[in-house]
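Engineer: Let me begin by handing over the structure; questions about it come next.
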Amino acid sequence: MKHLLKLTLGLLMSVNSVAQNSPAQSAGASLPAGYWPLEKSQPILDKMQTIRLAPELSHLSEGERRAVGKLLEVGKIFQELYEEQRHAQALAAQRELRQLDARLGSTPATQNLLTLYRLNQGPIATTLENKREPFLPVDPSPPGKNVYPWGVSKEEIETFLAAHTEERDSILDLRTVVRRATGENLRRDLDKLKQHPVLAALHLGLTARLEARLSRPDPKNFYAVPYAVAYADALVRAHALLNEAADAVQQDDGEFARYLRNRSRDLLSNDYESGDAAWITGRFKNLNAEIGSYEVYDDELFGVKTFFALSLLATRGTETEALRKAMRGLQALEDSLPYANHKKIREDIPVGVYDVIADFGQSRGGNTATILPNESYLARRYGRTILLRSNIMRHPELFQGAGNAWTAAVAPAHANELTSDANFFRTLWHEVGHYLGVDRTTDGRDLDTALQENSSLLEEMKADLVSLFVAEALHKQNYYTAEQLRSVYASGINRVLQNNQPRRDQPYNTMQLMQWNFFLENGLLSFDPQTKKLGINYGKYHETVGKLLAQALEVQHKGDKAAANQFIERYTKWDENLHGAVAKNIRDQQRYRFRLFKYAALNEGSAA
């Protein structure tokens with residue numbers, strides 16, 4: 001009887017153990033090699049906050065609502081293009097993941113991976129340790145992403161360009177895909193030109209050049225094709241949808257319709273000037289949209305290739321008009337910056353306050369503001385437009401997270417100095433800062449061309465510093481009260497603090513670390529090793545910011561990449577006893593490390 005009782009108890013314990021462990025085990029065991037198991041994905045999603053944007057759109061006309069629907073369809077096309085640009089295997093990996101999820105009955109493990117894909121816009125995740133790792137069975141992402149030959153080194157392309165200088169402009173163009181000159185690649189591009197005769201007509205001579213290469217293919221050589229050809233099918237569809245959106249909104253907002261038609265042609269011609277001119281000079285009513293490829297942050301090889309985005313925005317009319325009236329005297333601010341040979345700027349820069357309806361591609365992920373276009377010749381001809389995203393900048397849950405990080409990092413005396421309005425103002429003047437200062441080197445080169453992968457980092461740091469440098473002048477003009485000035489300064493400090501040591505391929509975080517170190521070196525910030533908190537000497541603020549801004553402008557103006565590397569190297573040191581201690585304080589109070597944005601316009605719920 002004792003033996004029978006022992007056996008029965010043993011069986012019950014075994015069954016209970018299996019029952020307790022089977023969900024995690026089955027979730028992990030059922031996934032093929034290369035798919036993260038539940039225990040690896042869940043810690044990241046536990047630190048993910050879901051934000052749902054649902055702006056009021058009842059004031060839109062029927063035509064405007066139809067236009068919104070068409071533009072959302074364009075956004076979905078651009079989302080896939082962005083994922084394809086970033087990783088050659090992204091779209092196939094996502095399809096296979098969805099099929100796996102369906103076969104397994106939507107297990108927690110596969111649902112987590114689908115959420116990770118949405119969060120990271122591709123199959124490479126950022127871990128809690130700030131590492132980049134594939135969570136699906138794909139290759140690690142190379143610096144050139146999928147806009148250069150997969151895995152190509154910078155040295156290989158530079159060697160080719162040294163021997164074929166005539167190819168440099170096309171290879172390093174903002175909107176071309178670089179390929180190896182194989183027969184397969186050349187035939188595929190020629191087929192697209194035949195399939196879409198309009199592209200052959202718009203890109204005169206391209207067919208002949210590709211046919212000449214096809215007569216002597218060589219995988220050691222490189223060539224470039226315009227985005228219009230590389231992504232022909234998708235952009236032809238987007239062209240049609242933009243024209244349908246323009247037709248829908250024509251009666252309500254003719255200027256917005258004109259912009260949409262111009263931009264539709266730009267996508268096929270690969271020349272954005274007509275659309276950018278219509279965008280910058282237009283005075284739209286209830287809607288605005290960033291449409292196309294502009295930002296180069298994802299290109300870690302040369303820092304020149306633009307990536308697709310669409311940001312659909314609803315205008316906050318009263319705030320926009322008030323802000324435009326307030327922004328006067330930009331030339332005087334330009335002339336006050338610490339560098340020689342100031343440029344003449346357009347002072348009637350269009351600025352608007354908006355609510356995000358939906359973001360796609362490079363603009364997705366909580367982007368607070370934008371100033372575009374980036375090309376200096378377009379800015380000189382037409383100016384730039386500033387888009388401020390109010391329902392992100394002023395979202396209470398997002399500001400609460402920033403406020404908690406601030407109090408964890410600074411001494412108690414500074415705890416109440418940060419406000420949400422200060423973040424709004426600093427962000428606005430950060431975007432204006434892109435418009436001011438150096439935009440070409442002393443020998444006339446564009447900054448992207450001269451500084452390559454360092455250009456984004458230095459440009460973002462310049463804009464940060466301009467927003468803080470001009471704050472004193474704005475205070476003297478009664479634009480800021482004394483309390484607002486102090487809060488803007490606090491926002492500038494909060495901006496530079498890190499919760500992990502940045503990777504060199506993170507331009508924003510790297511330039512923020514540079515500011516943090518410079519502020520420490522010059523006594524604007526101090527660190528108390530006992531409390532592990534930062535003190536702020538506001539009396540040194542303007543002078544210190546001016547010194548660093550002068551150095552950044554000088555590096556940009558000279559366009560010396562080696563000097564830029566030295567400048568960056570000098571100020572990116574990380575001390576675990578100082579930076580690491582502050583970062584740990586921030587991490588320890590952080591409920592969330594990642595944010596997933598969902599959009600009511602896409603019928604997305606708030607659940608993660």
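Going through the structure tokens in order, the chains are called A, B, and so on, while each chain numbers its residues from 1 and the ligands are numbered from 1 in the order shown.
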For stretch 418-423 of chain A, list every protein, DNA or RNA residue within 12 Å, evaluated using only C-alpha atoms, and leave out those in the same chain fewer than 4 positions away; present the list as an MDAnalysis selection string.
Structural biologist: chainID A and resid 368:369 388:407 410 413:414 427:430 464 467:468 471 480:495
Engineer: Rounded to one decimal in Å, what is the spacing between atom CA of A:Leu378 and atom CA of A:Ala552?
Structural biologist: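 Going from atom CA of A:Leu378 over to atom CA of A:Ala552, I get 22.9 Å.
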Engineer: If you run DSSP on this backbone, which residues of stretch 246-344 of chain A come out as strand (DSSP E or B), and could you give them as a ChimeraX atom specification?
Structural biologist: /A:287-295,307-315
Engineer: Would you compute the distance between atom CA of A:Glu334 and atom CA of A:Thr544? Give it in Å to one decimal.
Structural biologist: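 Atom CA of A:Glu334 sits 18.4 Å away from atom CA of A:Thr544.
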Engineer: Identify, on the basis of only C-alpha atoms, every residue whose closest approach to A:Tyr272 does not exceed 10 Å; exclude the query and any residue fewer than 6 positions from it along the same chain; express the result as a list in words.
Structural biologist: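 The contact residues come out as Asn262, Arg263, Ser264, Arg265, Asp266, Gly292, Ser293, Tyr294, Pro373 and Leu378 of chain A.
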Engineer: May I have the selected residues written with N, CA and C atoms, as a compact mmCIF listing (two decimals), in the first residue's frame?
Structural biologist:
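Saved the output as again23.txt:
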```txt
# COMPACT_ATOMS: atom_id res chain seq x y z
N ASN A 262 1.73 67.24 -57.28
CA ASN A 262 3.16 67.43 -57.51
C ASN A 262 3.98 66.32 -56.88
N ARG A 263 3.61 65.94 -55.67
CA ARG A 263 4.37 64.89 -54.99
C ARG A 263 4.21 63.55 -55.71
N SER A 264 3.03 63.30 -56.27
CA SER A 264 2.83 62.05 -57.01
C SER A 264 3.80 61.97 -58.18
N ARG A 265 4.00 63.09 -58.88
CA ARG A 265 4.96 63.11 -60.00
C ARG A 265 6.39 62.96 -59.50
N ASP A 266 6.68 63.57 -58.35
CA ASP A 266 8.03 63.46 -57.78
C ASP A 266 8.43 62.01 -57.57
N GLY A 292 7.17 60.92 -48.63
CA GLY A 292 8.37 60.67 -49.41
C GLY A 292 9.52 60.14 -48.58
N SER A 293 10.71 60.22 -49.14
CA SER A 293 11.92 59.77 -48.43
C SER A 293 12.80 60.98 -48.19
N TYR A 294 13.12 61.23 -46.91
CA TYR A 294 13.87 62.43 -46.53
C TYR A 294 15.06 62.15 -45.61
N PRO A 373 12.33 70.53 -46.40
CA PRO A 373 13.28 69.49 -46.81
C PRO A 373 14.68 69.73 -46.26
N LEU A 378 17.20 73.56 -51.78
CA LEU A 378 15.75 73.76 -51.69
C LEU A 378 15.41 74.72 -50.56
```
Engineer: Using only C-alpha atoms, determine which residues lie at most 9 Å from stretch 171-186 of chain A, disregarding the query and same-chain residues fewer than 3 positions distant; provide the list as number ranges by chain.
Structural biologist: A: 146-150, 157, 161, 167-168, 189-191, 210-211, 213-230, 270-271, 293-294, 296, 302, 304-307, 449
Engineer: Determine, counting only C-alpha atoms, which protein, DNA and RNA residues have an atom within 9 Å of an atom of A:Phe360; residues of the same chain fewer than 4 positions away are not included. Present the result as a PyMOL selection string.
Structural biologist: chain A and resi 72+75-79+82+308-312+364-365
Engineer: As a PyMOL selection string, please: the residues near A:Lys598 (cut-off 12 Å, only C-alpha atoms, same-chain neighbours under 3 positions excluded).
Structural biologist: chain A and resi 49-55+115+118-119+356-360+364-366+392+595+601-608
Engineer: Which residues of stretch 226-262 of chain A sit at most 7 Å from stretch 60-68 of chain A, using only C-alpha atoms? Give each one's shortest atom pair and distance in Å (one decimal place), in chain and ascending residue order, as a tab-separated table.
Structural biologist:
```
residue	atom	partner	partner_atom	distance
A:Ala245	CA	A:Ala67	CA	4.2
A:Ala246	CA	A:Ala67	CA	7.0
A:Ala248	CA	A:Gly63	CA	4.9
A:Val249	CA	A:Gly63	CA	5.0
```
Engineer: What does the file look like for those residues with C-alpha atoms, as a CSV table (one decimal), in the first residue's frame?
Structural biologist:
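Written output follows (selection21.csv):
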```
chain,number,residue,atom,x,y,z
A,245,ALA,CA,-6.6,61.9,-52.8
A,246,ALA,CA,-6.0,65.1,-54.7
A,248,ALA,CA,-11.1,64.1,-53.4
A,249,VAL,CA,-9.8,67.2,-51.7
```
Engineer: Using only C-alpha atoms, determine which residues lie at most 6 Å from stretch 126-139 of chain A, disregarding the query and same-chain residues fewer than 6 positions distant; provide the list as a ChimeraX atom specification.
Structural biologist: /A:34-36
Engineer: Deliver the residues from the most recent selection as a file, using N, CA and C atoms, as a PDB file, in the first residue's frame.
Structural biologist:
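Result written to again39.pdb:
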```
ATOM      1  N   GLY A  34      15.781  30.001 -34.616  1.00  0.00           N
ATOM      2  CA  GLY A  34      15.896  31.396 -35.018  1.00  0.00           C
ATOM      3  C   GLY A  34      14.785  32.282 -34.518  1.00  0.00           C
ATOM      4  N   TYR A  35      13.678  31.691 -34.029  1.00  0.00           N
ATOM      5  CA  TYR A  35      12.569  32.469 -33.477  1.00  0.00           C
ATOM      6  C   TYR A  35      12.760  32.592 -31.967  1.00  0.00           C
ATOM      7  N   TRP A  36      12.714  33.808 -31.462  1.00  0.00           N
ATOM      8  CA  TRP A  36      12.872  33.988 -30.026  1.00  0.00           C
ATOM      9  C   TRP A  36      11.753  33.276 -29.265  1.00  0.00           C
TER      10      TRP A  36
END
```
Engineer: Return the single residue from A:Ile586, A:Ala88, A:Leu524, A:Leu287 that is closest to A:Asp252, with distances computed using only C-alpha atoms.
Structural biologist: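 Closest to A:Asp252 of all the choices is A:Leu287.
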Engineer: Enumerate the residues of stretch 297-337 of chain A with a DSSP assignment of alpha helix (DSSP H), computed from the backbone, and present them as a list in words.
Structural biologist: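 For stretch 297-337 of chain A, the alpha helix (DSSP H) set is Gly317, Thr318, Glu319, Thr320, Glu321, Ala322, Leu323, Arg324, Lys325, Ala326, Leu330, Gln331, Ala332, Leu333, Glu334, Asp335 and Ser336 of chain A.
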Engineer: In Å to one decimal, how far is atom CA of A:Gly546 from atom CA of A:Ala332?
Structural biologist: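 Separation between atom CA of A:Ala332 and atom CA of A:Gly546: 16.0 Å.
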